[in-house]
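Student: Below is the file protein_13.cif, which contains mmCIF, C-alpha atoms.
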data_run
#
loop_
_atom_site.group_PDB
_atom_site.id
_atom_site.type_symbol
_atom_site.label_atom_id
_atom_site.label_comp_id
_atom_site.auth_asym_id
_atom_site.auth_seq_id
_atom_site.Cartn_x
_atom_site.Cartn_y
_atom_site.Cartn_z
ATOM 1 C CA MET A 102 22.883 9.147 2.539
ATOM 2 C CA ASN A 103 21.722 6.075 0.643
ATOM 3 C CA MET A 104 18.095 6.561 -0.373
ATOM 4 C CA ARG A 105 16.041 5.585 -3.367
ATOM 5 C CA LYS A 106 12.524 6.542 -4.447
ATOM 6 C CA SER A 107 10.772 5.399 -7.602
ATOM 7 C CA MET A 108 8.226 7.443 -9.532
ATOM 8 C CA ILE A 109 4.545 6.545 -9.323
ATOM 9 C CA THR A 110 3.532 6.146 -12.939
ATOM 10 C CA GLY A 111 -0.111 5.085 -12.808
ATOM 11 C CA VAL A 112 -2.907 7.580 -13.317
ATOM 12 C CA VAL A 113 -5.703 5.319 -12.056
ATOM 13 C CA LEU A 114 -6.283 5.358 -8.314
ATOM 14 C CA LEU A 115 -7.376 2.131 -6.652
ATOM 15 C CA ILE A 116 -9.015 1.831 -3.261
ATOM 16 C CA ILE A 117 -8.730 -1.397 -1.285
ATOM 17 C CA GLY A 118 -11.702 -1.787 0.984
ATOM 18 C CA THR A 119 -15.434 -2.481 1.262
ATOM 19 C CA SER A 120 -16.516 -5.283 -1.062
ATOM 20 C CA THR A 121 -14.426 -4.568 -4.155
ATOM 21 C CA THR A 122 -11.352 -2.795 -5.432
ATOM 22 C CA VAL A 123 -12.748 0.177 -7.317
ATOM 23 C CA VAL A 124 -11.564 2.889 -9.653
ATOM 24 C CA ALA A 125 -11.917 6.214 -7.872
ATOM 25 C CA SER A 126 -13.950 9.078 -9.258
ATOM 26 C CA GLN A 127 -15.141 11.322 -6.421
ATOM 27 C CA ASN A 128 -13.053 14.357 -5.433
ATOM 28 C CA THR A 129 -12.716 14.638 -1.643
ATOM 29 C CA GLY A 130 -9.780 16.974 -1.005
ATOM 30 C CA TYR A 131 -6.424 18.339 -2.055
ATOM 31 C CA VAL A 132 -4.641 14.963 -1.965
ATOM 32 C CA SER A 133 -7.134 13.703 -4.535
ATOM 33 C CA GLU A 134 -6.206 16.546 -6.921
ATOM 34 C CA PHE A 135 -3.076 14.550 -7.753
ATOM 35 C CA PHE A 136 -4.723 11.134 -8.042
ATOM 36 C CA GLY A 137 -7.959 11.759 -9.906
ATOM 37 C CA GLY A 138 -10.250 11.695 -6.853
ATOM 38 C CA ILE A 139 -10.797 9.139 -4.093
ATOM 39 C CA THR A 140 -13.897 7.304 -2.907
ATOM 40 C CA ASN A 141 -13.052 6.351 0.671
ATOM 41 C CA SER A 142 -12.853 8.871 3.494
ATOM 42 C CA PHE A 143 -9.568 7.947 5.148
ATOM 43 C CA VAL A 144 -8.332 10.265 7.876
ATOM 44 C CA LYS A 145 -6.297 13.214 6.639
ATOM 45 C CA ASP A 146 -4.935 15.832 9.000
ATOM 46 C CA THR A 147 -5.975 19.352 8.019
ATOM 47 C CA HIS A 148 -3.903 22.337 9.082
ATOM 48 C CA ASP A 149 -4.560 26.029 9.672
ATOM 49 C CA GLN A 150 -1.017 27.372 9.461
ATOM 50 C CA VAL A 151 -0.993 30.291 7.004
ATOM 51 C CA VAL A 152 1.896 32.665 6.321
ATOM 52 C CA VAL A 153 1.784 35.713 4.037
ATOM 53 C CA GLU A 154 4.748 36.984 2.023
ATOM 54 C CA SER A 155 4.759 39.353 -0.975
ATOM 55 C CA GLY A 156 0.967 39.207 -1.205
ATOM 56 C CA ILE A 157 0.950 35.379 -1.330
ATOM 57 C CA LYS A 158 -0.738 33.171 1.265
ATOM 58 C CA MET A 159 1.094 29.877 1.829
ATOM 59 C CA LYS A 160 -0.904 27.242 3.686
ATOM 60 C CA ILE A 161 -0.282 23.668 4.786
ATOM 61 C CA GLU A 162 -3.555 22.112 3.589
ATOM 62 C CA GLU A 163 -3.494 18.381 4.328
ATOM 63 C CA SER A 164 -1.214 15.583 5.401
ATOM 64 C CA VAL A 165 -1.535 11.876 6.009
ATOM 65 C CA SER A 166 1.394 10.101 7.659
ATOM 66 C CA GLY A 167 1.984 6.413 8.209
ATOM 67 C CA GLY A 168 5.065 5.445 10.212
ATOM 68 C CA LYS A 169 7.984 6.912 8.284
ATOM 69 C CA SER A 170 6.098 7.931 5.114
ATOM 70 C CA SER A 171 3.750 10.816 4.405
ATOM 71 C CA LEU A 172 1.815 12.729 1.768
ATOM 72 C CA ILE A 173 1.752 16.490 2.411
ATOM 73 C CA VAL A 174 -0.095 19.148 0.413
ATOM 74 C CA ALA A 175 0.616 22.889 0.602
ATOM 75 C CA SER A 176 -1.076 25.676 -1.348
ATOM 76 C CA PHE A 177 -0.126 29.131 -2.585
ATOM 77 C CA GLU A 178 -2.746 31.764 -3.461
ATOM 78 C CA LYS A 179 -2.871 35.507 -3.943
ATOM 79 C CA GLU A 180 -4.028 37.498 -0.945
ATOM 80 C CA ASP A 181 -6.353 39.517 -3.224
ATOM 81 C CA GLU A 182 -7.833 36.228 -4.589
ATOM 82 C CA THR A 183 -7.018 37.024 -8.229
ATOM 83 C CA ILE A 184 -5.922 34.239 -10.569
ATOM 84 C CA PHE A 185 -2.447 33.077 -11.558
ATOM 85 C CA PRO A 186 -1.436 33.060 -15.234
ATOM 86 C CA GLU A 187 -1.138 29.740 -17.041
ATOM 87 C CA GLY A 188 2.288 28.230 -16.433
ATOM 88 C CA ALA A 189 2.754 29.714 -12.949
ATOM 89 C CA SER A 190 4.773 27.438 -10.672
ATOM 90 C CA ILE A 191 6.761 27.365 -7.445
ATOM 91 C CA SER A 192 10.565 27.375 -7.611
ATOM 92 C CA ASN A 193 13.138 25.851 -5.242
ATOM 93 C CA LEU A 194 10.752 23.715 -3.206
ATOM 94 C CA GLU A 195 12.348 21.962 -0.232
ATOM 95 C CA LEU A 196 11.215 19.955 2.786
ATOM 96 C CA ASP A 197 13.033 19.639 6.113
ATOM 97 C CA VAL A 198 12.337 17.186 8.931
ATOM 98 C CA LYS A 199 14.525 16.072 11.830
ATOM 99 C CA HIS A 200 16.933 13.265 10.839
ATOM 100 C CA GLY A 201 16.186 13.866 7.144
ATOM 101 C CA ALA A 202 13.939 12.469 4.425
ATOM 102 C CA SER A 203 13.843 11.658 0.726
ATOM 103 C CA TYR A 204 10.901 12.991 -1.242
ATOM 104 C CA MET A 205 9.266 13.558 -4.605
ATOM 105 C CA ILE A 206 7.384 16.748 -5.495
ATOM 106 C CA GLN A 207 4.409 17.357 -7.774
ATOM 107 C CA GLN A 208 2.662 20.685 -8.310
ATOM 108 C CA GLN A 209 -0.222 22.035 -10.369
ATOM 109 C CA LEU A 210 -2.610 24.940 -10.794
ATOM 110 C CA THR A 211 -6.148 24.359 -9.597
ATOM 111 C CA GLU A 212 -8.823 24.433 -12.277
ATOM 112 C CA ASP A 213 -9.908 27.972 -11.322
ATOM 113 C CA ARG A 214 -6.210 29.060 -11.332
ATOM 114 C CA LYS A 215 -6.570 30.641 -7.895
ATOM 115 C CA LYS A 216 -4.155 28.262 -6.173
ATOM 116 C CA ILE A 217 -0.947 26.437 -6.918
ATOM 117 C CA ILE A 218 -0.960 23.206 -4.937
ATOM 118 C CA VAL A 219 2.161 21.230 -4.160
ATOM 119 C CA MET A 220 2.386 17.634 -2.940
ATOM 120 C CA PHE A 221 5.381 16.082 -1.178
ATOM 121 C CA ASP A 222 5.569 12.271 -1.123
ATOM 122 C CA ILE A 223 8.178 11.550 1.543
ATOM 123 C CA ASP A 224 10.077 8.715 3.191
ATOM 124 C CA ALA A 225 11.738 9.814 6.440
ATOM 125 C CA LEU A 226 14.604 8.249 8.364
ATOM 126 C CA SER A 227 12.617 8.150 11.616
ATOM 127 C CA ASN A 228 8.980 7.974 12.685
ATOM 128 C CA LEU A 229 7.124 11.179 11.858
ATOM 129 C CA GLU A 230 4.912 11.276 14.955
ATOM 130 C CA GLY A 231 5.315 14.638 16.681
ATOM 131 C CA LYS A 232 7.979 15.814 14.241
ATOM 132 C CA SER A 233 8.059 19.387 12.957
ATOM 133 C CA VAL A 234 7.998 19.409 9.148
ATOM 134 C CA THR A 235 9.094 22.588 7.345
ATOM 135 C CA ILE A 236 8.331 23.421 3.713
ATOM 136 C CA ARG A 237 10.311 26.130 1.921
ATOM 137 C CA ALA A 238 9.896 27.744 -1.494
ATOM 138 C CA GLY A 239 11.897 30.306 -3.423
ATOM 139 C CA ALA A 240 9.417 32.255 -5.559
ATOM 140 C CA ILE A 241 6.421 32.002 -7.861
ATOM 141 C CA VAL A 242 7.605 32.138 -11.461
ATOM 142 C CA SER A 243 6.323 31.812 -15.012
ATOM 143 C CA ASP A 244 7.423 28.574 -16.659
ATOM 144 C CA GLU A 245 7.054 30.216 -20.061
ATOM 145 C CA THR A 246 9.048 33.428 -19.553
ATOM 146 C CA GLY A 247 11.005 32.869 -16.341
ATOM 147 C CA GLU A 248 9.464 36.049 -14.919
ATOM 148 C CA ILE A 249 9.238 36.232 -11.130
ATOM 149 C CA LEU A 250 5.550 36.685 -10.320
ATOM 150 C CA ALA A 251 6.014 36.874 -6.537
ATOM 151 C CA SER A 252 9.281 36.973 -4.626
ATOM 152 C CA GLY A 253 9.891 34.769 -1.606
ATOM 153 C CA PRO A 254 11.294 33.143 0.247
ATOM 154 C CA PHE A 255 8.238 31.343 1.639
ATOM 155 C CA LYS A 256 8.294 29.044 4.672
ATOM 156 C CA ASN A 257 5.648 27.205 6.685
ATOM 157 C CA LYS A 258 5.658 24.244 9.072
ATOM 158 C CA PHE A 259 3.383 21.841 10.936
ATOM 159 C CA ILE A 260 3.519 18.922 13.380
ATOM 160 C CA ALA A 261 3.010 15.485 11.810
ATOM 161 C CA HIS A 262 0.875 12.740 13.365
ATOM 162 C CA ASP A 263 1.345 9.043 12.666
ATOM 163 C CA ARG A 264 -1.918 7.440 11.462
ATOM 164 C CA SER A 265 -0.511 3.934 11.026
ATOM 165 C CA ASN A 266 -1.239 0.642 12.718
ATOM 166 C CA LYS A 267 2.227 -0.512 13.846
ATOM 167 C CA THR A 268 2.989 -4.222 14.290
ATOM 168 C CA ASP A 269 6.314 -5.644 15.488
ATOM 169 C CA ILE A 270 7.446 -8.771 13.647
ATOM 170 C CA ASP A 271 10.480 -11.068 13.560
ATOM 171 C CA LEU A 272 10.875 -12.490 10.080
ATOM 172 C CA THR A 273 14.091 -13.460 8.296
ATOM 173 C CA LEU A 274 14.122 -13.547 4.497
ATOM 174 C CA LYS A 275 16.754 -14.944 2.159
ATOM 175 C CA GLN A 276 16.483 -14.080 -1.517
ATOM 176 C CA GLN A 277 19.289 -14.479 -4.040
ATOM 177 C CA ASN A 278 22.470 -13.345 -2.222
ATOM 178 C CA GLU A 279 20.679 -11.098 0.270
ATOM 179 C CA GLU A 280 19.512 -11.814 3.813
ATOM 180 C CA VAL A 281 17.369 -9.434 5.850
ATOM 181 C CA ILE A 282 15.460 -9.471 9.109
ATOM 182 C CA LEU A 283 12.125 -7.646 9.118
ATOM 183 C CA GLU A 284 11.127 -5.959 12.376
ATOM 184 C CA THR A 285 8.173 -3.600 11.858
ATOM 185 C CA VAL A 286 5.095 -3.292 9.654
ATOM 186 C CA TYR A 287 3.244 0.026 9.317
ATOM 187 C CA VAL A 288 -0.252 -0.174 7.807
ATOM 188 C CA SER A 289 -1.822 3.185 6.963
ATOM 189 C CA PRO A 290 -4.140 4.709 4.353
ATOM 190 C CA ILE A 291 -1.117 5.532 2.159
ATOM 191 C CA GLY A 292 0.136 1.943 2.022
ATOM 192 C CA ILE A 293 2.242 -0.588 3.889
ATOM 193 C CA GLY A 294 5.727 0.149 5.178
ATOM 194 C CA ILE A 295 7.978 -2.802 6.033
ATOM 195 C CA GLU A 296 11.131 -1.968 7.961
ATOM 196 C CA GLY A 297 14.150 -4.116 8.670
ATOM 197 C CA LYS A 298 17.898 -4.466 8.455
ATOM 198 C CA ARG A 299 20.393 -6.450 6.423
ATOM 199 C CA ILE A 300 22.222 -9.261 8.232
ATOM 200 C CA ASP A 301 24.417 -10.351 5.332
ATOM 201 C CA GLY A 302 27.285 -7.960 6.033
ATOM 202 C CA LYS A 303 26.077 -5.370 3.507
ATOM 203 C CA SER A 304 24.183 -3.019 5.819
ATOM 204 C CA SER A 305 25.529 0.094 4.066
ATOM 205 C CA TYR A 306 23.542 -0.846 0.935
ATOM 206 C CA LEU A 307 19.822 -0.942 0.325
ATOM 207 C CA PRO A 308 18.479 -4.377 -0.622
ATOM 208 C CA GLU A 309 17.914 -4.937 -4.323
ATOM 209 C CA ILE A 310 15.149 -7.462 -3.768
ATOM 210 C CA SER A 311 11.739 -7.015 -2.174
ATOM 211 C CA PRO A 312 9.238 -9.645 -0.992
ATOM 212 C CA ILE A 313 5.774 -10.288 -2.397
ATOM 213 C CA VAL A 314 3.245 -8.501 -0.183
ATOM 214 C CA LYS A 315 -0.496 -9.124 -0.219
ATOM 215 C CA VAL A 316 -3.371 -7.586 1.725
ATOM 216 C CA MET A 317 -6.086 -9.824 3.183
ATOM 217 C CA THR A 318 -9.386 -8.003 3.743
ATOM 218 C CA THR A 319 -12.266 -8.778 6.069
ATOM 219 C CA ASP A 320 -14.383 -9.919 3.097
ATOM 220 C CA ASN A 321 -11.671 -12.416 2.071
ATOM 221 C CA GLN A 322 -10.100 -10.523 -0.799
ATOM 222 C CA ILE A 323 -6.379 -11.094 -1.320
ATOM 223 C CA ILE A 324 -4.744 -8.237 -3.218
ATOM 224 C CA GLU A 325 -1.084 -8.008 -4.174
ATOM 225 C CA LEU A 326 0.822 -4.741 -3.720
ATOM 226 C CA SER A 327 4.145 -3.624 -5.172
ATOM 227 C CA THR A 328 6.870 -1.317 -3.896
ATOM 228 C CA SER A 329 6.841 2.397 -4.632
ATOM 229 C CA SER A 330 10.105 3.142 -2.808
ATOM 230 C CA THR A 331 13.042 1.678 -0.915
ATOM 231 C CA SER A 332 14.677 4.050 1.559
ATOM 232 C CA THR A 333 17.201 4.270 4.377
ATOM 233 C CA THR A 334 15.873 4.511 7.950
ATOM 234 C CA ASP A 335 17.415 4.959 11.379
ATOM 235 C CA ILE A 336 17.491 1.188 11.938
ATOM 236 C CA GLY A 337 18.223 0.013 8.399
ATOM 237 C CA PHE A 338 15.826 0.248 5.461
ATOM 238 C CA LYS A 339 12.128 0.407 4.589
ATOM 239 C CA TRP A 340 10.099 -0.847 1.663
ATOM 240 C CA GLN A 341 6.951 1.195 1.006
ATOM 241 C CA TYR A 342 4.131 -0.663 -0.757
ATOM 242 C CA SER A 343 1.600 1.764 -2.239
ATOM 243 C CA GLN A 344 1.051 0.505 -5.785
ATOM 244 C CA ASP A 345 -0.665 -2.391 -7.474
ATOM 245 C CA PRO A 346 1.457 -4.712 -9.679
ATOM 246 C CA ILE A 347 1.012 -2.484 -12.768
ATOM 247 C CA GLY A 348 1.965 0.772 -11.037
ATOM 248 C CA ASN A 349 -1.395 2.316 -10.084
ATOM 249 C CA ARG A 350 -1.433 4.186 -6.778
ATOM 250 C CA ILE A 351 -3.321 2.401 -3.999
ATOM 251 C CA PHE A 352 -4.903 3.744 -0.821
ATOM 252 C CA LEU A 353 -6.105 1.447 1.961
ATOM 253 C CA ASP A 354 -9.356 1.453 3.898
ATOM 254 C CA MET A 355 -7.805 0.362 7.191
ATOM 255 C CA SER A 356 -11.104 -0.772 8.692
ATOM 256 C CA THR A 357 -11.226 -3.621 6.160
ATOM 257 C CA ILE A 358 -7.611 -4.842 6.435
ATOM 258 C CA LYS A 359 -7.430 -8.116 8.379
ATOM 259 C CA ASN A 360 -3.882 -9.386 7.815
ATOM 260 C CA ILE A 361 -1.033 -9.074 5.365
ATOM 261 C CA MET A 362 1.128 -11.728 3.748
ATOM 262 C CA ILE A 363 4.882 -11.420 3.202
ATOM 263 C CA ASN A 364 6.131 -14.108 0.809
ATOM 264 C CA ASN A 365 2.998 -16.113 1.708
ATOM 265 C CA GLN A 366 3.655 -15.885 5.457
ATOM 266 C CA ILE A 367 0.627 -14.438 7.234
ATOM 267 C CA ILE A 368 1.331 -11.461 9.506
ATOM 268 C CA LYS A 369 -1.452 -10.829 12.016
ATOM 269 C CA LEU A 370 -1.872 -7.126 12.651
ATOM 270 C CA ASP A 371 -2.099 -5.673 16.164
#
As structure tokens, please, write out the structure in this file.
Tutor:
Amino acid sequence: MNMRKSMITGVVLLIIGTSTTVVASQNTGYVSEFFGGITNSFVKDTHDQVVVESGIKMKIEESVSGGKSSLIVASFEKEDETIFPEGASISNLELDVKHGASYMIQQQLTEDRKKIIVMFDIDALSNLEGKSVTIRAGAIVSDETGEILASGPFKNKFIAHDRSNKTDIDLTLKQQNEEVILETVYVSPIGIGIEGKRIDGKSSYLPEISPIVKVMTTDNQIIELSTSSTSTTDIGFKWQYSQDPIGNRIFLDMSTIKNIMINNQIIKLD
């Protein structure tokens, strides 16, 4: 399976919306634990699925899905509510969804050391709406000694819901020696997904190029985004735009997004 994801390197979180692009500082949930806090209140799905194994409660905390991409946060805590030692981590983390997905994983101890939280940043082959997503883990271990602190395996699952604004387009792009036709745009709080297929006879390969994408807001800001991943989908490929040009993670306030521009061509959103 031909998939590629790039690491998000920025530590500053930017929010596009309201009157300015601002550096975030307010903590509003588990997703923000990984991005330094967020200031807008975009819709995140919260989940109540809890399983208990070896005295450990595993819970799907939050998710936010847009088309074929998603951020998912799960937590692990002791049933007796005591703390984990420094260096505790989850081993053998995996995610399963129908038709498959590529993903990156980050994990960390909460400040009070009562939970280990894990975030999956995924690009799926097909739309996530109504799909069952399963998260698996092997054990809780000490990074320092290798000691098993709690034996698994652990498994939990939830049903994903697509929070994107989907717009069908018909746009052909030629760049260098590549030619693609773009068919769908997904705008969601976690960025912009642009899906299409190659029409240059090289459909088994992901495109090396990506267009310039800009967001036009209702207060007439124009803000350029950059790609965070290029991945295979069930119709061809998808570019995911969720960074600014210097690599900072961006979230979108959808109520303020008017249109987007792809290589200076305005795409009116449905």
Student: With 6 Å as the cut-off and only C-alpha atoms counted, what is the closest atom pair between each nearby residue of region 259-284 of chain A and region 155-173 of chain A? Distances in Å to one decimal, ordered by chain and number, as a tab-separated table.
Tutor:
residue	atom	partner	partner_atom	distance
A:Asp263	CA	A:Ser166	CA	5.1
A:Arg264	CA	A:Gly167	CA	5.2
A:Ser265	CA	A:Gly167	CA	4.5
Student: Take the selection from the previous step and output its residues with C-alpha atoms, as a compact mmCIF listing (two decimals), in the frame of the given file.
Tutor:
# COMPACT_ATOMS: atom_id res chain seq x y z
CA ASP A 263 1.34 9.04 12.67
CA ARG A 264 -1.92 7.44 11.46
CA SER A 265 -0.51 3.93 11.03
Student: Measure the distance from CA of Ile206 (chain A) to CA of Asp222 (chain A) in Å and round it to one decimal.
Tutor: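 For CA of Ile206 (chain A) relative to CA of Asp222 (chain A), the distance reads 6.5 Å.
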Student: Spell out the residues picked by the PyMOL selection byres ((chain A and resi 332) around 12) here, as an mmCIF file with C-alpha atoms, in the frame of the given file.
Tutor:
data_model
loop_
_atom_site.group_PDB
_atom_site.id
_atom_site.type_symbol
_atom_site.label_atom_id
_atom_site.label_comp_id
_atom_site.auth_asym_id
_atom_site.auth_seq_id
_atom_site.Cartn_x
_atom_site.Cartn_y
_atom_site.Cartn_z
ATOM 1 C CA MET A 102 22.883 9.147 2.539
ATOM 2 C CA ASN A 103 21.722 6.075 0.643
ATOM 3 C CA MET A 104 18.095 6.561 -0.373
ATOM 4 C CA ARG A 105 16.041 5.585 -3.367
ATOM 5 C CA LYS A 106 12.524 6.542 -4.447
ATOM 6 C CA SER A 107 10.772 5.399 -7.602
ATOM 7 C CA LYS A 169 7.984 6.912 8.284
ATOM 8 C CA SER A 170 6.098 7.931 5.114
ATOM 9 C CA GLY A 201 16.186 13.866 7.144
ATOM 10 C CA ALA A 202 13.939 12.469 4.425
ATOM 11 C CA SER A 203 13.843 11.658 0.726
ATOM 12 C CA TYR A 204 10.901 12.991 -1.242
ATOM 13 C CA ILE A 223 8.178 11.550 1.543
ATOM 14 C CA ASP A 224 10.077 8.715 3.191
ATOM 15 C CA ALA A 225 11.738 9.814 6.440
ATOM 16 C CA LEU A 226 14.604 8.249 8.364
ATOM 17 C CA SER A 227 12.617 8.150 11.616
ATOM 18 C CA GLY A 294 5.727 0.149 5.178
ATOM 19 C CA ILE A 295 7.978 -2.802 6.033
ATOM 20 C CA GLU A 296 11.131 -1.968 7.961
ATOM 21 C CA GLY A 297 14.150 -4.116 8.670
ATOM 22 C CA LYS A 298 17.898 -4.466 8.455
ATOM 23 C CA SER A 305 25.529 0.094 4.066
ATOM 24 C CA TYR A 306 23.542 -0.846 0.935
ATOM 25 C CA LEU A 307 19.822 -0.942 0.325
ATOM 26 C CA PRO A 308 18.479 -4.377 -0.622
ATOM 27 C CA GLU A 309 17.914 -4.937 -4.323
ATOM 28 C CA THR A 328 6.870 -1.317 -3.896
ATOM 29 C CA SER A 329 6.841 2.397 -4.632
ATOM 30 C CA SER A 330 10.105 3.142 -2.808
ATOM 31 C CA THR A 331 13.042 1.678 -0.915
ATOM 32 C CA THR A 333 17.201 4.270 4.377
ATOM 33 C CA THR A 334 15.873 4.511 7.950
ATOM 34 C CA ASP A 335 17.415 4.959 11.379
ATOM 35 C CA ILE A 336 17.491 1.188 11.938
ATOM 36 C CA GLY A 337 18.223 0.013 8.399
ATOM 37 C CA PHE A 338 15.826 0.248 5.461
ATOM 38 C CA LYS A 339 12.128 0.407 4.589
ATOM 39 C CA TRP A 340 10.099 -0.847 1.663
ATOM 40 C CA GLN A 341 6.951 1.195 1.006
ATOM 41 C CA TYR A 342 4.131 -0.663 -0.757
#
Student: Using all atoms listed in the file, which of A:Ser233, A:Gln322, A:Asn360, A:Thr147 sits nearest Val174 (chain A)?
Tutor: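 The closest residue to Val174 (chain A) is A:Thr147.
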Student: I'd like to know which of A:Ser243, A:Gln209, A:Thr235, A:Thr357 is closest to Phe259 (chain A), using only C-alpha atoms.
Tutor: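 Under the stated criterion, the closest residue is A:Thr235.
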Student: As an exercise, work out the distance from CA of Gln208 (chain A) to CA of Glu325 (chain A) in Å and give it to one decimal place.
Tutor: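 That distance, rounded to one decimal, is 29.2 Å.
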Student: Go through A:Gly247, A:Phe352, A:Lys256, A:Ala240 one by one, measure the shortest atom-to-atom distance of each to Val132 (chain A) using all atoms listed in the file, and give the residue with the smallest value.
Tutor: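 For Val132 (chain A), the nearest of the candidates is A:Phe352.
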Student: Rounded to one decimal, what separation in Å do you get between CA of Leu196 (chain A) and CA of His262 (chain A)?
Tutor: 16.5 Å
Student: Using all atoms listed in the file for the distances, tell me which of A:Ile282, A:Ile291, A:Leu326, A:Ala238 is nearest to Asn266 (chain A).
Tutor: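 The answer is A:Ile291, which sits nearest to Asn266 (chain A).
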Student: Choose the residue, out of A:Leu194, A:Val152, A:Ile260, A:Val316, that has the smallest atom-to-atom separation from Ile368 (chain A); count all atoms listed in the file.
Tutor: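 Distance minimum relative to Ile368 (chain A) lands on A:Val316.
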Student: Compile the contact shell of Thr246 (chain A) as a short mmCIF file (atom, residue, chain, number, x, y, z; two decimals) with C-alpha atoms, in the coordinates of the input: residues with an atom at most 12 Å away, counting all atoms listed in the file, same-chain residues fewer than 6 positions apart removed.
Tutor:
data_model
loop_
_atom_site.label_atom_id
_atom_site.label_comp_id
_atom_site.auth_asym_id
_atom_site.auth_seq_id
_atom_site.Cartn_x
_atom_site.Cartn_y
_atom_site.Cartn_z
CA PRO A 186 -1.44 33.06 -15.23
CA GLU A 187 -1.14 29.74 -17.04
CA GLY A 188 2.29 28.23 -16.43
CA ALA A 189 2.75 29.71 -12.95
CA SER A 190 4.77 27.44 -10.67
#
Student: Output as lines of an AutoDock Vina configuration file the centre and edge lengths (Å, one decimal) of the box along x, y and z of the file that holds every listed atom of region 155-163 of chain A after adding 3 Å on each side.
Tutor:
center_x = 0.6
center_y = 28.9
center_z = 1.7
size_x = 14.3
size_y = 27.0
size_z = 12.1
Student: Do a neighbour search on Gln276 (chain A) at 9 Å with all atoms listed in the file, toss out local chain neighbours closer than 6 positions, and write the hits as a PyMOL selection string.
Tutor: chain A and resi 310-312
Student: Suppose a student applies the PyMOL selection byres ((chain A and resi 210) around 12) to this structure; what residues should they get, written as a PyMOL selection string?
Tutor: chain A and resi 131+134-135+176-178+184-191+207-209+211-220+241
